[in-house]
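A short write-up of the structure that comes next.
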Amino acid sequence: MNYRKLGKTNILVSEISLGTWQLGSKWGDPFSEKVAYETLDTAYQLGINCLDTADVYQGGLSESTIGKHMKDLPNKPFVITKIGRKLPKQDQSLYTEEVIRNYIDDSRKNIGVDALDMVLLHCPPSDLYDDPKVFKILDQIKQEGKIKYYGVSVEKVEEAIKALDYEGVEAIEIIFNMFRMKPAEIFFEKAKEKQVGIIVRVPLASGLLTGKYHERTTFGESDHRTYNRHGERFDKGETFSGVDYFQGLTAVQKLKKVFKTESLAQIALRWILMFDAVSTVIPGASKKEQVIENVNASKLSPLSKEEMKQVEEIYNTYIKSSVHHLW
């Protein structure tokens, strides 16, 4: 495993980390603590030292399972958790000091720690970045020792750039992949200038970039890839990175021809690692075999300039016009 610095925290994190939205389950399926432990064990053994979770994942089970698993580990992973999605709606006025403190205390209790390694606001509304109030609250809680570092998880590049204006923000989590290239245009360089770490989420476009899906693939009724393709429940950019499923399949076929492979997952992760502004990538895994496949991306040789150019051409031809201006 290779390690990269997480911005100005100076913490070295595995360049391939573990996202735990579907820890111990597939999207919508029942949670299995046994499978979750096997997944976490495998990640630990393979050198993953950074986990990304949230208070809403499996209703807190993701956080608490991580806490139980790492309790007796000699070298504890760096745990990033997110807060804010338990609110009844995303409204800036609801981000009160009492609410933020309660969420942080709940996560501390779930994970079983006195201080959270890093807490991120979980895709808050865009107008929150225009008011420093929330960031001052986080600064105060950090001074009290209840969190070590903080940052934000965002939907849009514009939100990420606004977040860079706050000195206390030490990392920004953002969607970036072969089907969502806009962050690399301006944001990456600005983040490097400010020494802010970049955590890449949805790196495989909800599995679309694994190359394993086809026109007849079906997903479970409670899987967001079924019910949120058009943003029915939350931002549609969270599902297949906002790309039309069938248009995405067309682009995937073009990518397969470039890399001469049926499974694109490792290539898609290695492509992200070509950008030195990226601190870590957090592909999810619902079982240990997926962790192994993800980690192997770190062992691949760098992509060639010609391969990088071809990926960009496919994006420009099949994807850009439908997503680039939205996020």
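So you can find residues: chains in the structure tokens are A, B, ... in the order shown, residues in each start at 1, and ligands are numbered from 1 in order.
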Once DSSP has gone over the backbone, tell me which residues of region 153-315 of chain A are in alpha helix (DSSP H), as a PDB file with N, CA and C atoms, in the first residue's frame.
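And here's selection39.pdb as it stands now:
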```
ATOM      1  N   VAL A 157     -18.397  21.568  -7.176  1.00  0.00           N
ATOM      2  CA  VAL A 157     -17.063  22.171  -7.174  1.00  0.00           C
ATOM      3  C   VAL A 157     -17.115  23.567  -6.560  1.00  0.00           C
ATOM      4  N   GLU A 158     -18.161  24.327  -6.863  1.00  0.00           N
ATOM      5  CA  GLU A 158     -18.286  25.685  -6.329  1.00  0.00           C
ATOM      6  C   GLU A 158     -18.322  25.670  -4.799  1.00  0.00           C
ATOM      7  N   GLU A 159     -18.966  24.666  -4.214  1.00  0.00           N
ATOM      8  CA  GLU A 159     -19.009  24.551  -2.759  1.00  0.00           C
ATOM      9  C   GLU A 159     -17.617  24.242  -2.208  1.00  0.00           C
ATOM     10  N   ALA A 160     -16.899  23.376  -2.899  1.00  0.00           N
ATOM     11  CA  ALA A 160     -15.547  23.014  -2.468  1.00  0.00           C
ATOM     12  C   ALA A 160     -14.633  24.228  -2.474  1.00  0.00           C
ATOM     13  N   ILE A 161     -14.744  25.057  -3.497  1.00  0.00           N
ATOM     14  CA  ILE A 161     -13.897  26.252  -3.592  1.00  0.00           C
ATOM     15  C   ILE A 161     -14.239  27.243  -2.481  1.00  0.00           C
ATOM     16  N   LYS A 162     -15.532  27.396  -2.186  1.00  0.00           N
ATOM     17  CA  LYS A 162     -15.930  28.276  -1.084  1.00  0.00           C
ATOM     18  C   LYS A 162     -15.393  27.762   0.251  1.00  0.00           C
ATOM     19  N   ALA A 163     -15.406  26.452   0.432  1.00  0.00           N
ATOM     20  CA  ALA A 163     -14.950  25.862   1.696  1.00  0.00           C
ATOM     21  C   ALA A 163     -13.468  26.136   1.935  1.00  0.00           C
ATOM     22  N   PHE A 187     -10.303  23.343  -8.984  1.00  0.00           N
ATOM     23  CA  PHE A 187     -10.331  23.054  -7.552  1.00  0.00           C
ATOM     24  C   PHE A 187      -9.066  22.363  -7.052  1.00  0.00           C
ATOM     25  N   PHE A 188      -8.566  21.377  -7.773  1.00  0.00           N
ATOM     26  CA  PHE A 188      -7.411  20.620  -7.294  1.00  0.00           C
ATOM     27  C   PHE A 188      -6.212  21.524  -7.017  1.00  0.00           C
ATOM     28  N   GLU A 189      -5.932  22.432  -7.945  1.00  0.00           N
ATOM     29  CA  GLU A 189      -4.778  23.319  -7.752  1.00  0.00           C
ATOM     30  C   GLU A 189      -4.992  24.268  -6.581  1.00  0.00           C
ATOM     31  N   LYS A 190      -6.217  24.754  -6.430  1.00  0.00           N
ATOM     32  CA  LYS A 190      -6.522  25.633  -5.302  1.00  0.00           C
ATOM     33  C   LYS A 190      -6.367  24.900  -3.977  1.00  0.00           C
ATOM     34  N   ALA A 191      -6.791  23.650  -3.934  1.00  0.00           N
ATOM     35  CA  ALA A 191      -6.666  22.859  -2.711  1.00  0.00           C
ATOM     36  C   ALA A 191      -5.197  22.609  -2.380  1.00  0.00           C
ATOM     37  N   LYS A 192      -4.387  22.347  -3.389  1.00  0.00           N
ATOM     38  CA  LYS A 192      -2.958  22.137  -3.164  1.00  0.00           C
ATOM     39  C   LYS A 192      -2.309  23.405  -2.598  1.00  0.00           C
ATOM     40  N   GLU A 193      -2.702  24.559  -3.133  1.00  0.00           N
ATOM     41  CA  GLU A 193      -2.162  25.835  -2.651  1.00  0.00           C
ATOM     42  C   GLU A 193      -2.475  26.056  -1.174  1.00  0.00           C
ATOM     43  N   LYS A 194      -3.680  25.614  -0.773  1.00  0.00           N
ATOM     44  CA  LYS A 194      -4.119  25.802   0.624  1.00  0.00           C
ATOM     45  C   LYS A 194      -3.726  24.620   1.516  1.00  0.00           C
ATOM     46  N   HIS A 224     -30.363   2.537  -4.128  1.00  0.00           N
ATOM     47  CA  HIS A 224     -30.513   3.878  -4.703  1.00  0.00           C
ATOM     48  C   HIS A 224     -30.292   3.895  -6.209  1.00  0.00           C
ATOM     49  N   ARG A 225     -29.639   2.849  -6.731  1.00  0.00           N
ATOM     50  CA  ARG A 225     -29.437   2.767  -8.184  1.00  0.00           C
ATOM     51  C   ARG A 225     -30.731   2.401  -8.913  1.00  0.00           C
ATOM     52  N   THR A 226     -31.750   2.059  -8.151  1.00  0.00           N
ATOM     53  CA  THR A 226     -33.081   1.836  -8.696  1.00  0.00           C
ATOM     54  C   THR A 226     -33.964   3.065  -8.503  1.00  0.00           C
ATOM     55  N   TYR A 227     -33.974   3.596  -7.262  1.00  0.00           N
ATOM     56  CA  TYR A 227     -34.971   4.621  -6.928  1.00  0.00           C
ATOM     57  C   TYR A 227     -34.484   6.065  -7.023  1.00  0.00           C
ATOM     58  N   TYR A 245     -27.741   6.065 -17.048  1.00  0.00           N
ATOM     59  CA  TYR A 245     -27.214   4.704 -16.954  1.00  0.00           C
ATOM     60  C   TYR A 245     -26.820   4.141 -18.319  1.00  0.00           C
ATOM     61  N   PHE A 246     -27.686   4.265 -19.287  1.00  0.00           N
ATOM     62  CA  PHE A 246     -27.417   3.657 -20.593  1.00  0.00           C
ATOM     63  C   PHE A 246     -26.344   4.420 -21.369  1.00  0.00           C
ATOM     64  N   GLN A 247     -26.314   5.735 -21.199  1.00  0.00           N
ATOM     65  CA  GLN A 247     -25.235   6.512 -21.797  1.00  0.00           C
ATOM     66  C   GLN A 247     -23.898   6.129 -21.165  1.00  0.00           C
ATOM     67  N   GLY A 248     -23.945   5.883 -19.850  1.00  0.00           N
ATOM     68  CA  GLY A 248     -22.737   5.450 -19.146  1.00  0.00           C
ATOM     69  C   GLY A 248     -22.236   4.113 -19.653  1.00  0.00           C
ATOM     70  N   LEU A 249     -23.152   3.194 -19.925  1.00  0.00           N
ATOM     71  CA  LEU A 249     -22.754   1.889 -20.450  1.00  0.00           C
ATOM     72  C   LEU A 249     -22.043   2.024 -21.800  1.00  0.00           C
ATOM     73  N   THR A 250     -22.516   2.946 -22.615  1.00  0.00           N
ATOM     74  CA  THR A 250     -21.861   3.185 -23.914  1.00  0.00           C
ATOM     75  C   THR A 250     -20.425   3.649 -23.703  1.00  0.00           C
ATOM     76  N   ALA A 251     -20.237   4.588 -22.783  1.00  0.00           N
ATOM     77  CA  ALA A 251     -18.894   5.095 -22.500  1.00  0.00           C
ATOM     78  C   ALA A 251     -18.007   3.996 -21.907  1.00  0.00           C
ATOM     79  N   VAL A 252     -18.594   3.147 -21.059  1.00  0.00           N
ATOM     80  CA  VAL A 252     -17.834   2.050 -20.460  1.00  0.00           C
ATOM     81  C   VAL A 252     -17.307   1.101 -21.536  1.00  0.00           C
ATOM     82  N   GLN A 253     -18.123   0.830 -22.534  1.00  0.00           N
ATOM     83  CA  GLN A 253     -17.661  -0.047 -23.617  1.00  0.00           C
ATOM     84  C   GLN A 253     -16.469   0.560 -24.342  1.00  0.00           C
ATOM     85  N   LYS A 254     -16.468   1.860 -24.510  1.00  0.00           N
ATOM     86  CA  LYS A 254     -15.335   2.544 -25.150  1.00  0.00           C
ATOM     87  C   LYS A 254     -14.085   2.438 -24.274  1.00  0.00           C
ATOM     88  N   LEU A 255     -14.265   2.584 -22.958  1.00  0.00           N
ATOM     89  CA  LEU A 255     -13.137   2.470 -22.037  1.00  0.00           C
ATOM     90  C   LEU A 255     -12.561   1.056 -22.046  1.00  0.00           C
ATOM     91  N   LYS A 256     -13.422   0.067 -22.138  1.00  0.00           N
ATOM     92  CA  LYS A 256     -12.955  -1.318 -22.175  1.00  0.00           C
ATOM     93  C   LYS A 256     -12.071  -1.578 -23.387  1.00  0.00           C
ATOM     94  N   LYS A 257     -12.380  -0.929 -24.489  1.00  0.00           N
ATOM     95  CA  LYS A 257     -11.566  -1.101 -25.694  1.00  0.00           C
ATOM     96  C   LYS A 257     -10.200  -0.450 -25.532  1.00  0.00           C
ATOM     97  N   VAL A 258     -10.164   0.674 -24.821  1.00  0.00           N
ATOM     98  CA  VAL A 258      -8.883   1.360 -24.586  1.00  0.00           C
ATOM     99  C   VAL A 258      -7.975   0.501 -23.717  1.00  0.00           C
ATOM    100  N   PHE A 259      -8.534  -0.075 -22.653  1.00  0.00           N
ATOM    101  CA  PHE A 259      -7.717  -0.805 -21.691  1.00  0.00           C
ATOM    102  C   PHE A 259      -7.759  -2.319 -21.882  1.00  0.00           C
ATOM    103  N   ALA A 265     -12.648  -1.672 -12.806  1.00  0.00           N
ATOM    104  CA  ALA A 265     -12.586  -1.081 -11.470  1.00  0.00           C
ATOM    105  C   ALA A 265     -11.188  -0.621 -11.081  1.00  0.00           C
ATOM    106  N   GLN A 266     -10.204  -1.487 -11.218  1.00  0.00           N
ATOM    107  CA  GLN A 266      -8.851  -1.129 -10.798  1.00  0.00           C
ATOM    108  C   GLN A 266      -8.278  -0.010 -11.672  1.00  0.00           C
ATOM    109  N   ILE A 267      -8.579  -0.049 -12.969  1.00  0.00           N
ATOM    110  CA  ILE A 267      -8.117   1.006 -13.878  1.00  0.00           C
ATOM    111  C   ILE A 267      -8.734   2.341 -13.474  1.00  0.00           C
ATOM    112  N   ALA A 268     -10.029   2.319 -13.145  1.00  0.00           N
ATOM    113  CA  ALA A 268     -10.724   3.556 -12.776  1.00  0.00           C
ATOM    114  C   ALA A 268     -10.136   4.157 -11.500  1.00  0.00           C
ATOM    115  N   LEU A 269      -9.764   3.305 -10.539  1.00  0.00           N
ATOM    116  CA  LEU A 269      -9.140   3.794  -9.311  1.00  0.00           C
ATOM    117  C   LEU A 269      -7.725   4.302  -9.588  1.00  0.00           C
ATOM    118  N   ARG A 270      -6.990   3.569 -10.424  1.00  0.00           N
ATOM    119  CA  ARG A 270      -5.614   3.997 -10.747  1.00  0.00           C
ATOM    120  C   ARG A 270      -5.623   5.333 -11.484  1.00  0.00           C
ATOM    121  N   TRP A 271      -6.648   5.554 -12.304  1.00  0.00           N
ATOM    122  CA  TRP A 271      -6.773   6.832 -13.017  1.00  0.00           C
ATOM    123  C   TRP A 271      -6.874   7.981 -12.010  1.00  0.00           C
ATOM    124  N   ILE A 272      -7.648   7.813 -10.964  1.00  0.00           N
ATOM    125  CA  ILE A 272      -7.796   8.859  -9.953  1.00  0.00           C
ATOM    126  C   ILE A 272      -6.458   9.129  -9.262  1.00  0.00           C
ATOM    127  N   LEU A 273      -5.705   8.075  -8.991  1.00  0.00           N
ATOM    128  CA  LEU A 273      -4.427   8.217  -8.302  1.00  0.00           C
ATOM    129  C   LEU A 273      -3.364   8.906  -9.150  1.00  0.00           C
ATOM    130  N   LYS A 288     -15.239  -8.716   1.669  1.00  0.00           N
ATOM    131  CA  LYS A 288     -13.776  -8.649   1.665  1.00  0.00           C
ATOM    132  C   LYS A 288     -13.181  -8.761   0.266  1.00  0.00           C
ATOM    133  N   GLU A 289     -13.827  -9.517  -0.615  1.00  0.00           N
ATOM    134  CA  GLU A 289     -13.285  -9.687  -1.960  1.00  0.00           C
ATOM    135  C   GLU A 289     -13.194  -8.353  -2.702  1.00  0.00           C
ATOM    136  N   GLN A 290     -14.142  -7.468  -2.447  1.00  0.00           N
ATOM    137  CA  GLN A 290     -14.119  -6.157  -3.090  1.00  0.00           C
ATOM    138  C   GLN A 290     -12.976  -5.296  -2.563  1.00  0.00           C
ATOM    139  N   VAL A 291     -12.667  -5.448  -1.271  1.00  0.00           N
ATOM    140  CA  VAL A 291     -11.530  -4.723  -0.693  1.00  0.00           C
ATOM    141  C   VAL A 291     -10.240  -5.150  -1.386  1.00  0.00           C
ATOM    142  N   ILE A 292     -10.061  -6.450  -1.557  1.00  0.00           N
ATOM    143  CA  ILE A 292      -8.852  -6.976  -2.201  1.00  0.00           C
ATOM    144  C   ILE A 292      -8.714  -6.425  -3.609  1.00  0.00           C
ATOM    145  N   GLU A 293      -9.816  -6.426  -4.359  1.00  0.00           N
ATOM    146  CA  GLU A 293      -9.781  -5.910  -5.726  1.00  0.00           C
ATOM    147  C   GLU A 293      -9.433  -4.424  -5.743  1.00  0.00           C
ATOM    148  N   ASN A 294     -10.014  -3.670  -4.830  1.00  0.00           N
ATOM    149  CA  ASN A 294      -9.737  -2.227  -4.784  1.00  0.00           C
ATOM    150  C   ASN A 294      -8.273  -1.940  -4.457  1.00  0.00           C
ATOM    151  N   VAL A 295      -7.747  -2.652  -3.469  1.00  0.00           N
ATOM    152  CA  VAL A 295      -6.364  -2.420  -3.045  1.00  0.00           C
ATOM    153  C   VAL A 295      -5.380  -2.730  -4.164  1.00  0.00           C
ATOM    154  N   LYS A 305       0.366   8.696 -20.935  1.00  0.00           N
ATOM    155  CA  LYS A 305      -0.224   9.951 -21.387  1.00  0.00           C
ATOM    156  C   LYS A 305      -1.291   9.696 -22.440  1.00  0.00           C
ATOM    157  N   GLU A 306      -1.051   8.730 -23.309  1.00  0.00           N
ATOM    158  CA  GLU A 306      -2.021   8.406 -24.357  1.00  0.00           C
ATOM    159  C   GLU A 306      -3.301   7.839 -23.749  1.00  0.00           C
ATOM    160  N   GLU A 307      -3.173   6.980 -22.746  1.00  0.00           N
ATOM    161  CA  GLU A 307      -4.358   6.426 -22.088  1.00  0.00           C
ATOM    162  C   GLU A 307      -5.149   7.517 -21.369  1.00  0.00           C
ATOM    163  N   MET A 308      -4.453   8.419 -20.703  1.00  0.00           N
ATOM    164  CA  MET A 308      -5.126   9.528 -20.027  1.00  0.00           C
ATOM    165  C   MET A 308      -5.868  10.397 -21.038  1.00  0.00           C
ATOM    166  N   LYS A 309      -5.255  10.613 -22.176  1.00  0.00           N
ATOM    167  CA  LYS A 309      -5.871  11.418 -23.237  1.00  0.00           C
ATOM    168  C   LYS A 309      -7.124  10.739 -23.773  1.00  0.00           C
ATOM    169  N   GLN A 310      -7.058   9.431 -23.956  1.00  0.00           N
ATOM    170  CA  GLN A 310      -8.211   8.699 -24.484  1.00  0.00           C
ATOM    171  C   GLN A 310      -9.382   8.705 -23.502  1.00  0.00           C
ATOM    172  N   VAL A 311      -9.082   8.595 -22.210  1.00  0.00           N
ATOM    173  CA  VAL A 311     -10.142   8.660 -21.198  1.00  0.00           C
ATOM    174  C   VAL A 311     -10.839  10.016 -21.270  1.00  0.00           C
ATOM    175  N   GLU A 312     -10.052  11.069 -21.394  1.00  0.00           N
ATOM    176  CA  GLU A 312     -10.629  12.417 -21.467  1.00  0.00           C
ATOM    177  C   GLU A 312     -11.469  12.588 -22.725  1.00  0.00           C
ATOM    178  N   GLU A 313     -11.025  12.023 -23.822  1.00  0.00           N
ATOM    179  CA  GLU A 313     -11.789  12.120 -25.074  1.00  0.00           C
ATOM    180  C   GLU A 313     -13.128  11.408 -24.959  1.00  0.00           C
ATOM    181  N   ILE A 314     -13.146  10.261 -24.289  1.00  0.00           N
ATOM    182  CA  ILE A 314     -14.400   9.526 -24.094  1.00  0.00           C
ATOM    183  C   ILE A 314     -15.341  10.341 -23.203  1.00  0.00           C
ATOM    184  N   TYR A 315     -14.794  10.939 -22.158  1.00  0.00           N
ATOM    185  CA  TYR A 315     -15.587  11.805 -21.287  1.00  0.00           C
ATOM    186  C   TYR A 315     -16.174  12.967 -22.084  1.00  0.00           C
TER     187      TYR A 315
END
```
Test item: residues at most 6 Å from region 60-66 of chain A, only C-alpha atoms, excluding those fewer than 3 positions along its chain, as a ChimeraX atom specification: /A:55-57,69,110-111
Quick one: everything within 12 Å of Val99 (chain A), counting only C-alpha atoms, minus sequence neighbours fewer than 6 positions away in the same chain. Send it as a PDB file with C-alpha atoms, in the first residue's frame.
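Final file, around-v4.pdb:
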```pdb
ATOM      1  CA  ILE A  83     -22.731  14.552  10.154  1.00  0.00           C
ATOM      2  CA  GLY A  84     -25.765  16.526   9.007  1.00  0.00           C
ATOM      3  CA  ARG A  85     -27.890  14.128   6.992  1.00  0.00           C
ATOM      4  CA  LYS A  86     -30.039  13.219   9.996  1.00  0.00           C
ATOM      5  CA  LEU A  87     -31.640  16.645   9.736  1.00  0.00           C
ATOM      6  CA  PRO A  88     -35.277  16.558   8.540  1.00  0.00           C
ATOM      7  CA  GLN A  92     -28.803  26.242   6.786  1.00  0.00           C
ATOM      8  CA  SER A  93     -30.828  27.466   9.775  1.00  0.00           C
ATOM      9  CA  ASP A 105     -21.313  13.474  20.676  1.00  0.00           C
ATOM     10  CA  ASP A 106     -23.422  10.704  19.127  1.00  0.00           C
ATOM     11  CA  VAL A 134     -20.918  26.814  11.539  1.00  0.00           C
ATOM     12  CA  ILE A 137     -18.645  26.301  16.008  1.00  0.00           C
ATOM     13  CA  LEU A 138     -16.426  23.540  14.640  1.00  0.00           C
TER      14      LEU A 138
END
```
Test item: residues at most 6 Å from region 25-34 of chain A, only C-alpha atoms, excluding those fewer than 3 positions along its chain, as a list in words: Gln22, Tyr37, Ser222, Asp223 and Ser286 of chain A
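Nearest to Leu18 (chain A) of all the residues A:Thr280, A:Ser321, A:Gln195, A:Asn2 is A:Thr280, counting only C-alpha atoms.
Of the residues listed (A:Asp52, A:Glu97, A:Asp235, A:Asp91), A:Asp91 shows the shortest atom-to-atom separation from Ser126 (chain A); distances use only C-alpha atoms.
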Neighbour list for Ile174 (chain A) as an NGL selection string, cut-off 6 Å, only C-alpha atoms, skip fewer than 4 positions in-chain: :A and (154 or 200-201)
Write a file of the selected residues as a PDB file, in the first residue's frame, keeping C-alpha atoms.
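Saved the output as part-v7.pdb:
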```
ATOM      1  CA  VAL A 154     -19.602  18.466  -1.043  1.00  0.00           C
ATOM      2  CA  VAL A 200     -12.369  11.182  -3.464  1.00  0.00           C
ATOM      3  CA  ARG A 201     -15.792   9.595  -3.080  1.00  0.00           C
TER       4      ARG A 201
END
```
Contacts of Met70 (chain A) at 12 Å (only C-alpha atoms; same-chain gap of 3+ positions) as number ranges by chain: A: 37, 40-41, 43-44, 49-51, 63-67, 73-79, 111-113
